[in-house]
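Okay, query.cif is below, mmCIF, C-alpha atoms:
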```
data_coords
loop_
_atom_site.label_atom_id
_atom_site.label_comp_id
_atom_site.auth_asym_id
_atom_site.auth_seq_id
_atom_site.Cartn_x
_atom_site.Cartn_y
_atom_site.Cartn_z
CA MET R 1 -44.75 59.82 -20.83
CA LYS R 2 -45.55 63.43 -19.98
CA LEU R 3 -42.88 65.31 -18.05
CA SER R 4 -45.28 66.05 -15.19
CA LYS R 5 -46.12 62.35 -14.78
CA LEU R 6 -42.44 61.38 -15.02
CA PHE R 7 -41.63 63.95 -12.34
CA THR R 8 -44.38 62.57 -10.09
CA VAL R 9 -43.15 58.98 -10.45
CA SER R 10 -39.53 60.01 -9.84
CA LEU R 11 -40.53 61.99 -6.78
CA SER R 12 -42.47 59.02 -5.41
CA LEU R 13 -39.54 56.65 -5.90
CA ALA R 14 -37.17 59.14 -4.29
CA PHE R 15 -39.49 59.44 -1.29
CA CYS R 16 -39.60 55.63 -0.97
CA TRP R 17 -35.82 55.50 -1.19
CA LEU R 18 -35.49 58.04 1.61
CA LEU R 19 -37.86 56.04 3.80
CA LEU R 20 -35.97 52.85 3.06
CA SER R 21 -32.71 54.54 3.94
CA ALA R 22 -34.21 55.65 7.23
CA PHE R 23 -35.11 52.08 8.05
CA GLY R 24 -31.70 50.79 6.96
CA ASP R 25 -31.19 48.19 4.26
CA GLY R 26 -28.37 45.98 5.54
CA PRO R 27 -28.64 42.25 6.19
CA ARG R 28 -28.09 42.55 9.96
CA PRO R 29 -31.24 41.74 11.97
CA SER R 30 -32.49 44.35 14.43
CA TYR R 31 -35.65 45.86 15.87
CA HIS R 32 -35.11 48.68 13.38
CA GLN R 33 -34.42 46.48 10.38
CA GLY R 34 -36.68 43.54 11.18
CA TYR R 35 -35.71 40.18 12.63
CA ALA R 36 -36.92 36.58 12.66
CA ARG R 37 -39.17 36.01 15.67
CA HIS R 38 -39.49 32.24 15.32
CA ALA R 39 -38.04 29.33 13.34
CA GLY R 40 -40.51 29.78 10.50
CA GLU R 41 -39.08 33.22 9.68
CA SER R 42 -35.42 32.35 10.29
CA LEU R 43 -32.70 31.72 7.75
CA TYR R 44 -31.30 29.22 10.29
CA PRO R 45 -34.37 27.56 11.84
CA SER R 46 -32.41 24.81 13.65
CA LEU R 47 -30.91 27.48 15.91
CA TRP R 48 -34.38 28.14 17.34
CA GLN R 49 -34.75 24.54 18.51
CA GLY R 50 -34.45 24.46 22.29
CA LEU R 51 -33.96 28.25 22.60
CA VAL R 52 -35.27 29.11 26.08
CA GLY R 53 -33.76 32.55 26.60
CA ALA R 54 -32.34 35.26 24.34
CA TRP R 55 -31.24 38.64 25.67
CA VAL R 56 -29.76 40.40 22.65
CA PRO R 57 -28.61 44.03 22.99
CA ALA R 58 -27.36 43.82 19.38
CA LEU R 59 -30.96 43.99 18.18
CA GLY R 60 -31.14 47.56 19.49
CA PRO R 61 -31.93 49.63 22.60
CA THR R 62 -34.93 48.74 24.73
CA GLY R 63 -34.49 51.49 27.31
CA THR R 64 -33.04 51.35 30.82
CA ALA R 65 -35.66 49.24 32.57
CA ILE R 66 -36.10 45.99 30.63
CA LEU R 67 -33.91 43.92 28.30
CA ARG R 68 -36.39 41.85 26.34
CA ASP R 69 -36.18 38.09 26.01
CA VAL R 70 -36.76 37.54 22.29
CA SER R 71 -36.82 33.74 22.49
CA GLY R 72 -40.61 33.82 22.80
CA ARG R 73 -40.48 32.67 26.46
CA ASN R 74 -40.87 36.26 27.75
CA ASN R 75 -38.32 35.88 30.53
CA HIS R 76 -37.44 39.56 30.25
CA GLY R 77 -34.49 40.92 32.18
CA THR R 78 -34.72 43.74 34.72
CA MET R 79 -31.87 46.18 34.14
CA VAL R 80 -30.29 47.24 37.43
CA SER R 81 -28.17 50.42 37.60
CA ILE R 82 -27.73 50.52 33.82
CA PRO R 83 -27.98 54.08 32.42
CA GLY R 84 -29.05 55.02 28.92
CA THR R 85 -25.43 55.83 28.08
CA ALA R 86 -24.62 52.13 28.44
CA TRP R 87 -26.13 51.60 24.97
CA SER R 88 -23.49 52.18 22.31
CA ILE R 89 -22.71 51.30 18.70
CA VAL R 90 -19.44 49.49 18.00
CA GLY R 91 -17.78 47.22 15.47
CA VAL R 92 -18.07 43.51 16.30
CA GLN R 93 -15.79 40.87 14.79
CA VAL R 94 -17.54 37.91 13.19
CA GLY R 95 -16.06 34.52 12.37
CA LEU R 96 -12.63 35.32 13.78
CA ASP R 97 -11.51 31.70 14.08
CA PRO R 98 -7.84 30.61 13.84
CA THR R 99 -8.13 30.05 10.08
CA GLU R 100 -9.01 33.68 9.35
CA THR R 101 -6.45 36.46 9.18
CA THR R 102 -8.79 39.38 8.51
CA PRO R 103 -11.79 39.84 10.78
CA ARG R 104 -15.19 40.63 9.32
CA LEU R 105 -16.83 43.52 11.13
CA VAL R 106 -20.48 44.35 11.64
CA THR R 107 -21.80 47.51 13.24
CA SER R 108 -23.86 46.60 16.26
CA TRP R 109 -25.55 47.92 19.36
CA VAL R 110 -24.11 46.62 22.64
CA LEU R 111 -24.64 47.12 26.35
CA ASP R 112 -21.57 48.39 28.17
CA PHE R 113 -21.21 47.09 31.75
CA VAL R 114 -18.83 49.08 33.97
CA GLY R 115 -18.33 46.36 36.57
CA THR R 116 -19.77 48.09 39.64
CA THR R 117 -23.43 47.61 40.55
CA ASP R 118 -24.88 47.11 37.05
CA TYR R 119 -26.40 43.78 36.04
CA ILE R 120 -29.51 42.18 34.52
CA GLN R 121 -31.84 39.90 36.47
CA THR R 122 -33.97 37.59 34.31
CA THR R 123 -36.95 35.42 35.28
CA ALA R 124 -35.49 32.29 33.66
CA SER R 125 -33.89 29.36 35.51
CA PRO R 126 -32.34 27.24 32.73
CA LEU R 127 -29.45 25.93 34.82
CA LYS R 128 -31.78 24.82 37.60
CA ASP R 129 -34.36 23.23 35.34
CA ASN R 130 -32.27 21.38 32.75
CA ASP R 131 -29.73 18.58 32.69
CA ASN R 132 -28.18 19.64 29.37
CA VAL R 133 -27.63 23.31 28.56
CA THR R 134 -25.79 25.33 25.90
CA ILE R 135 -25.13 29.04 26.42
CA ILE R 136 -23.86 31.34 23.66
CA SER R 137 -22.34 34.75 24.44
CA ILE R 138 -20.90 37.43 22.15
CA VAL R 139 -18.92 39.78 24.38
CA ARG R 140 -15.78 41.83 24.86
CA THR R 141 -14.13 42.30 28.25
CA ASP R 142 -12.39 45.45 29.49
CA ASP R 143 -10.42 43.61 32.16
CA THR R 144 -8.69 40.23 32.29
CA ASN R 145 -6.80 40.72 35.56
CA ALA R 146 -9.41 39.53 38.05
CA LEU R 147 -12.34 37.12 38.16
CA GLN R 148 -15.50 38.71 36.73
CA LEU R 149 -18.67 36.81 35.88
CA LEU R 150 -20.61 37.20 32.65
CA TRP R 151 -23.55 34.91 33.50
CA TRP R 152 -24.55 33.17 36.70
CA GLU R 153 -27.32 31.20 38.38
CA GLY R 154 -27.44 29.72 41.87
CA ASP R 155 -27.89 30.53 45.56
CA VAL R 156 -28.38 34.20 46.39
CA LEU R 157 -25.20 34.24 48.52
CA GLY R 158 -23.07 32.79 45.73
CA ASN R 159 -20.06 34.93 44.84
CA GLY R 160 -18.43 32.90 42.09
CA GLY R 161 -15.74 31.41 44.25
CA GLY R 162 -17.10 30.10 47.53
CA ALA R 163 -18.92 26.98 48.68
CA GLU R 164 -22.42 28.11 47.69
CA ARG R 165 -24.36 26.25 45.00
CA GLU R 166 -23.92 28.04 41.68
CA ILE R 167 -22.94 27.70 38.03
CA HIS R 168 -21.19 30.54 36.24
CA PHE R 169 -18.97 31.63 33.37
CA GLY R 170 -16.51 34.47 33.28
CA VAL R 171 -13.00 35.79 32.81
CA GLY R 172 -10.34 35.05 35.42
CA GLU R 173 -9.77 31.65 36.97
CA PRO R 174 -11.60 30.99 40.27
CA GLY R 175 -9.22 31.25 43.20
CA THR R 176 -6.29 32.67 41.26
CA GLY R 177 -7.56 35.50 39.04
CA SER R 178 -5.17 34.36 36.34
CA VAL R 179 -4.80 36.95 33.59
CA GLY R 180 -6.63 36.21 30.36
CA ARG R 181 -8.37 33.04 31.45
CA VAL R 182 -12.00 32.14 30.84
CA SER R 183 -13.71 29.56 32.99
CA VAL R 184 -16.95 27.77 33.70
CA ALA R 185 -17.51 26.50 37.20
CA GLY R 186 -20.18 24.76 39.22
CA GLU R 187 -19.89 24.42 42.96
CA SER R 188 -21.73 22.65 45.76
CA ASN R 189 -19.76 22.90 49.03
CA SER R 190 -16.72 21.69 47.12
CA THR R 191 -15.62 22.38 43.58
CA ASP R 192 -17.49 20.09 41.22
CA LEU R 193 -16.83 21.53 37.82
CA VAL R 194 -14.05 23.97 37.02
CA LYS R 195 -11.67 24.51 34.15
CA SER R 196 -10.11 27.40 32.30
CA VAL R 197 -8.51 28.14 28.96
CA THR R 198 -6.15 31.04 28.28
CA THR R 199 -7.83 32.74 25.34
CA ALA R 200 -9.44 35.98 26.55
CA ASN R 201 -8.23 39.47 25.62
CA THR R 202 -9.55 43.03 25.80
CA ALA R 203 -9.28 43.83 22.09
CA ASP R 204 -11.81 41.52 20.46
CA PHE R 205 -15.44 40.56 20.68
CA ILE R 206 -15.45 36.79 21.11
CA HIS R 207 -18.22 34.29 20.43
CA TRP R 208 -18.14 31.98 23.47
CA THR R 209 -20.16 28.79 23.66
CA VAL R 210 -20.41 26.75 26.86
CA ARG R 211 -22.01 23.33 26.42
CA MET R 212 -22.85 21.55 29.70
CA GLU R 213 -24.00 17.95 30.00
CA GLY R 214 -25.29 15.91 32.93
CA LEU R 215 -25.65 18.80 35.37
CA SER R 216 -27.96 16.85 37.67
CA GLY R 217 -25.55 13.93 38.05
CA THR R 218 -22.16 13.44 39.66
CA THR R 219 -20.12 13.37 36.43
CA ALA R 220 -21.06 16.63 34.76
CA THR R 221 -18.97 17.85 31.84
CA ALA R 222 -18.70 21.13 30.00
CA THR R 223 -17.03 22.21 26.78
CA ILE R 224 -15.91 25.71 25.84
CA PHE R 225 -15.82 26.89 22.21
CA ARG R 226 -14.09 30.10 21.14
CA ASN R 227 -15.48 31.57 17.90
CA GLY R 228 -16.91 28.20 16.99
CA VAL R 229 -13.70 26.26 17.62
CA LEU R 230 -13.16 23.86 20.55
CA ALA R 231 -11.12 25.62 23.22
CA GLY R 232 -11.33 23.29 26.23
CA LEU R 233 -13.04 20.23 27.65
CA ILE R 234 -14.06 20.38 31.30
CA LEU R 235 -14.43 17.20 33.34
CA ASP R 236 -16.09 16.88 36.74
CA SER R 237 -13.23 17.19 39.22
CA ASN R 238 -15.23 15.92 42.19
CA ALA R 239 -17.28 12.97 40.98
CA ASP R 240 -18.61 12.08 44.43
CA ALA R 241 -20.88 15.14 44.64
CA SER R 242 -23.49 16.72 42.37
CA LEU R 243 -24.03 20.39 41.65
CA SER R 244 -27.41 20.27 43.43
CA GLN R 245 -28.79 22.85 41.04
CA GLY R 246 -32.31 21.83 41.95
CA SER R 247 -31.96 23.96 45.09
CA PHE R 248 -30.93 27.18 43.32
CA ASP R 249 -32.98 30.12 44.64
CA THR R 250 -31.92 32.90 42.24
CA ASP R 251 -32.69 33.02 38.53
CA PHE R 252 -30.26 33.50 35.67
CA ARG R 253 -28.29 36.73 35.83
CA ILE R 254 -26.12 38.63 33.37
CA GLY R 255 -23.24 40.65 34.80
CA ARG R 256 -22.84 39.50 38.41
CA PRO R 257 -23.30 36.58 40.84
CA GLY R 258 -25.63 36.48 43.83
CA THR R 259 -23.55 38.91 45.85
CA ASP R 260 -22.39 42.29 44.60
CA THR R 261 -18.88 41.19 43.71
CA ARG R 262 -16.92 39.91 40.72
CA THR R 263 -19.16 41.89 38.37
CA TRP R 264 -18.75 41.96 34.60
CA ASN R 265 -16.71 44.80 33.09
CA GLY R 266 -17.19 44.87 29.33
CA GLN R 267 -19.61 44.95 26.42
CA VAL R 268 -22.37 42.45 25.68
CA ALA R 269 -23.96 41.94 22.26
CA ASP R 270 -25.78 38.63 22.69
CA ILE R 271 -26.61 36.08 25.41
CA ARG R 272 -28.64 32.99 24.43
CA VAL R 273 -29.56 29.85 26.37
CA TYR R 274 -30.62 26.47 24.96
CA ASP R 275 -32.05 23.52 26.86
CA ARG R 276 -30.17 21.07 24.66
CA LEU R 277 -26.64 20.30 23.50
CA LEU R 278 -25.89 22.18 20.30
CA THR R 279 -23.77 20.19 17.87
CA ASN R 280 -20.27 21.27 16.87
CA SER R 281 -21.54 22.20 13.40
CA GLU R 282 -24.39 24.30 14.83
CA ILE R 283 -21.93 26.15 17.08
CA ALA R 284 -19.61 26.83 14.13
CA LEU R 285 -22.57 28.01 12.02
CA ASP R 286 -23.71 30.40 14.75
CA ALA R 287 -20.21 31.78 15.27
CA ASP R 288 -19.79 32.50 11.56
CA ASN R 289 -23.16 34.25 11.12
CA PHE R 290 -23.86 37.21 13.38
CA LEU R 291 -27.17 36.78 15.26
CA ALA R 292 -27.86 33.75 13.08
CA PRO R 293 -31.28 32.73 14.53
CA PHE R 294 -32.68 36.21 13.95
CA GLN R 295 -31.68 36.57 10.31
CA LEU R 296 -34.80 36.70 8.15
CA ARG R 297 -35.28 33.98 5.58
CA GLN R 298 -37.15 36.42 3.33
CA PHE R 299 -39.41 39.42 3.50
CA ARG R 300 -43.03 38.53 4.07
CA ASN R 301 -45.26 39.20 1.05
CA LEU R 302 -48.09 41.21 2.57
CA VAL R 303 -49.86 41.61 -0.79
CA LYS R 304 -49.61 38.80 -3.31
CA ALA R 305 -48.89 39.71 -6.92
CA PRO R 306 -52.01 39.70 -9.09
CA ALA R 307 -52.58 36.91 -11.57
CA ALA R 308 -51.28 37.47 -15.09
CA ALA R 309 -53.55 39.81 -17.02
CA PRO R 310 -53.78 40.85 -20.67
CA ALA R 311 -51.54 43.73 -21.60
CA ALA R 312 -54.55 45.99 -22.04
CA ALA R 313 -55.73 45.35 -18.49
CA VAL R 314 -52.58 45.67 -16.40
CA PRO R 315 -53.63 46.65 -12.84
CA GLU R 316 -52.50 50.04 -11.61
CA ARG R 317 -50.63 48.32 -8.75
CA ALA R 318 -48.51 46.34 -11.21
CA LYS R 319 -47.64 49.56 -13.01
CA MET R 320 -45.98 50.85 -9.84
CA GLY R 321 -43.20 48.28 -10.18
CA VAL R 322 -40.21 48.81 -7.93
CA GLY R 323 -41.96 51.41 -5.78
CA THR R 324 -44.58 48.85 -4.73
CA LYS R 325 -41.94 46.36 -3.63
CA ILE R 326 -40.18 49.02 -1.60
CA ILE R 327 -43.43 49.99 0.11
CA GLU R 328 -44.16 46.33 0.87
CA ARG R 329 -40.71 45.98 2.43
CA LEU R 330 -41.30 49.10 4.50
CA GLU R 331 -44.63 47.69 5.68
CA TRP R 332 -42.91 44.44 6.71
CA LYS R 333 -40.21 46.32 8.58
CA ARG R 334 -42.77 48.57 10.28
CA ARG R 335 -44.51 45.49 11.66
CA SER R 336 -41.27 43.80 12.70
CA TYR R 337 -40.88 45.60 16.01
CA PRO R 338 -41.23 43.25 18.99
CA CYS R 339 -43.91 45.42 20.56
CA GLY R 340 -46.11 45.93 17.50
CA GLU R 341 -45.85 49.03 15.37
CA ALA R 342 -43.28 50.97 17.38
CA PRO R 343 -39.89 50.17 18.88
CA CYS R 344 -39.79 49.05 22.49
#
```
I'd like the structure from this file rewritten - as structure tokens, please.
Amino acid sequence: MKLSKLFTVSLSLAFCWLLLSAFGDGPRPSYHQGYARHAGESLYPSLWQGLVGAWVPALGPTGTAILRDVSGRNNHGTMVSIPGTAWSIVGVQVGLDPTETTPRLVTSWVLDFVGTTDYIQTTASPLKDNDNVTIISIVRTDDTNALQLLWWEGDVLGNGGGAEREIHFGVGEPGTGSVGRVSVAGESNSTDLVKSVTTANTADFIHWTVRMEGLSGTTATATIFRNGVLAGLILDSNADASLSQGSFDTDFRIGRPGTDTRTWNGQVADIRVYDRLLTNSEIALDADNFLAPFQLRQFRNLVKAPAAAPAAAVPERAKMGVGTKIIERLEWKRRSYPCGEAPC
């Protein structure tokens, strides 16, 4: 091969490598890197079944106005009093269950809530509309000394501790503000569903799963999982009354209840809602694989390889070899943004 041609090929490959580096080449899904947008593209397609809401800051910044719902339902969240500086990059622990002594870390975008007037209002009403619901959250709290709510849905006057109709999850036990407790509660004039487990701290990102069953009846139950491991079973403590969630007038919120009180103070990487009961094995799988539903099964082949040809008639495209594959991957990533060919 002539030196000039070798130099040209080397320069082309170097340019492709620089572009690939700019896009990033790690396995973590993101707007920048590319992510699975439905079950057919996902490495874990079962975790798309029943997904009715997914607000995932870990996929990357979407500005200060809207946090996109990437479940395909388009119940996007309006960001209230959240500045651009709330977006930050941190290390998130993955798979930190009791059997592991060394956490695995991934670098991820998060939204940092300061616990004042900042929250996200979605247009989804999963707790009003469904009898069985599973909600997954990957978060870290900055404060465990007082009740603060991570997600909530209910009556607009609900404050996370009164007699209004509402269902919520947060840190701090309702009524006591017990240090380090996490709780899920549902109320309708009297406490229907409340329980806490002492497992929260300010050091770690924790994968919380709340699985609620029979919300429309009088014997609702909920189960809390911490990093994929069962942490507490919640039984209906007032079986003579239902949660009456059919009368909720305010959609699902992230960061605060109906009233401007008991707001979330901490970082959020992922909030997902399912209209079904995830199995224990699905919850463990999700906890052990960061952003599991959005991990790509494989890169899409935009241009199929040509059929085998005689050695004397090898197409020019085949001669490009590795450079072609890199360009194809770049093309896939370029088209992987949720809003088309540019980030949102």
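Taken over the shown file, the PyMOL selection byres ((chain R and resi 28) around 10) identifies Gly24, Asp25, Gly26, Pro27, Pro29, Ser30, His32, Gln33, Gly34, Tyr35, Ala58, Leu59, Val106, Thr107, Ser108, Asn289, Phe290, Leu291, Ala292, Phe294, Gln295 and Leu296 of chain R.
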One number please: atom CA of His38 of chain R to atom CA of Ala124 of chain R, in Å, one decimal.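 These atoms are spaced 18.8 Å apart.
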Pairwise distance, atom CA of Gly115 of chain R with atom CA of Thr202 of chain R, equals 14.3 Å
Residues selected by the PyMOL selection byres ((chain R and resi 227) around 6), written as a VMD selection string: chain R and resid 97 207 226 228 to 229 287
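As for atom CA of Ala231 of chain R and atom CA of Gly50 of chain R, they are spaced 23.4 Å apart.
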How would you write, as a short mmCIF file (atom, residue, chain, number, x, y, z; two decimals) with C-alpha atoms, keeping the file's coordinate frame, the residues chosen by the PyMOL selection byres ((chain R and resi 252-264) around 6) on this structure?
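What follows is the written file out20.cif:
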```cif
data_model
loop_
_atom_site.label_atom_id
_atom_site.label_comp_id
_atom_site.auth_asym_id
_atom_site.auth_seq_id
_atom_site.Cartn_x
_atom_site.Cartn_y
_atom_site.Cartn_z
CA GLY R 115 -18.33 46.36 36.57
CA TYR R 119 -26.40 43.78 36.04
CA ILE R 120 -29.51 42.18 34.52
CA GLN R 121 -31.84 39.90 36.47
CA THR R 122 -33.97 37.59 34.31
CA ALA R 124 -35.49 32.29 33.66
CA SER R 125 -33.89 29.36 35.51
CA LEU R 147 -12.34 37.12 38.16
CA GLN R 148 -15.50 38.71 36.73
CA LEU R 149 -18.67 36.81 35.88
CA LEU R 150 -20.61 37.20 32.65
CA TRP R 151 -23.55 34.91 33.50
CA TRP R 152 -24.55 33.17 36.70
CA GLU R 153 -27.32 31.20 38.38
CA VAL R 156 -28.38 34.20 46.39
CA LEU R 157 -25.20 34.24 48.52
CA GLY R 158 -23.07 32.79 45.73
CA ASN R 159 -20.06 34.93 44.84
CA ASP R 251 -32.69 33.02 38.53
CA ASN R 265 -16.71 44.80 33.09
#
```
Considering all atoms listed in the file, state which residue in the set R:Asp143, R:Asp118, R:Asp249, R:Asp288 is at the smallest distance from Thr64 of chain R. R:Asp118
Which one is closest to Asp275 of chain R: R:Asp131, R:Glu166, R:Asp204, R:Asp155? Count all atoms listed in the file. R:Asp131
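Distance check against Asp129 of chain R using all atoms listed in the file: of R:Thr221, R:Ser247, R:Thr209, R:Thr78, the minimum falls on R:Ser247.
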With distances taken over only C-alpha atoms, which residue among R:Leu111, R:Ile271, R:Thr117, R:Ile224 lies nearest Ser81 of chain R? R:Thr117
Counting all atoms listed in the file, figure out which residue out of R:Pro126, R:Pro61, R:Gly40, R:Gly77 gets nearest to Tyr274 of chain R. R:Pro126
Smallest atom-to-atom distance to Ile283 of chain R: which of R:Thr134, R:Ser42, R:Ser244, R:Thr123, using all atoms listed in the file? R:Thr134
Gln298 of chain R environment, 10 Å, only C-alpha atoms, sequence neighbours closer than 4 positions dropped, as a VMD selection string: chain R and resid 36 41 to 43
Residues near Trp109 of chain R, anyone? I mean within 8 Å using all atoms listed in the file, not counting same-chain ones fewer than 6 positions away, as an NGL selection string. :R and (57-61 or 87-90 or 269)
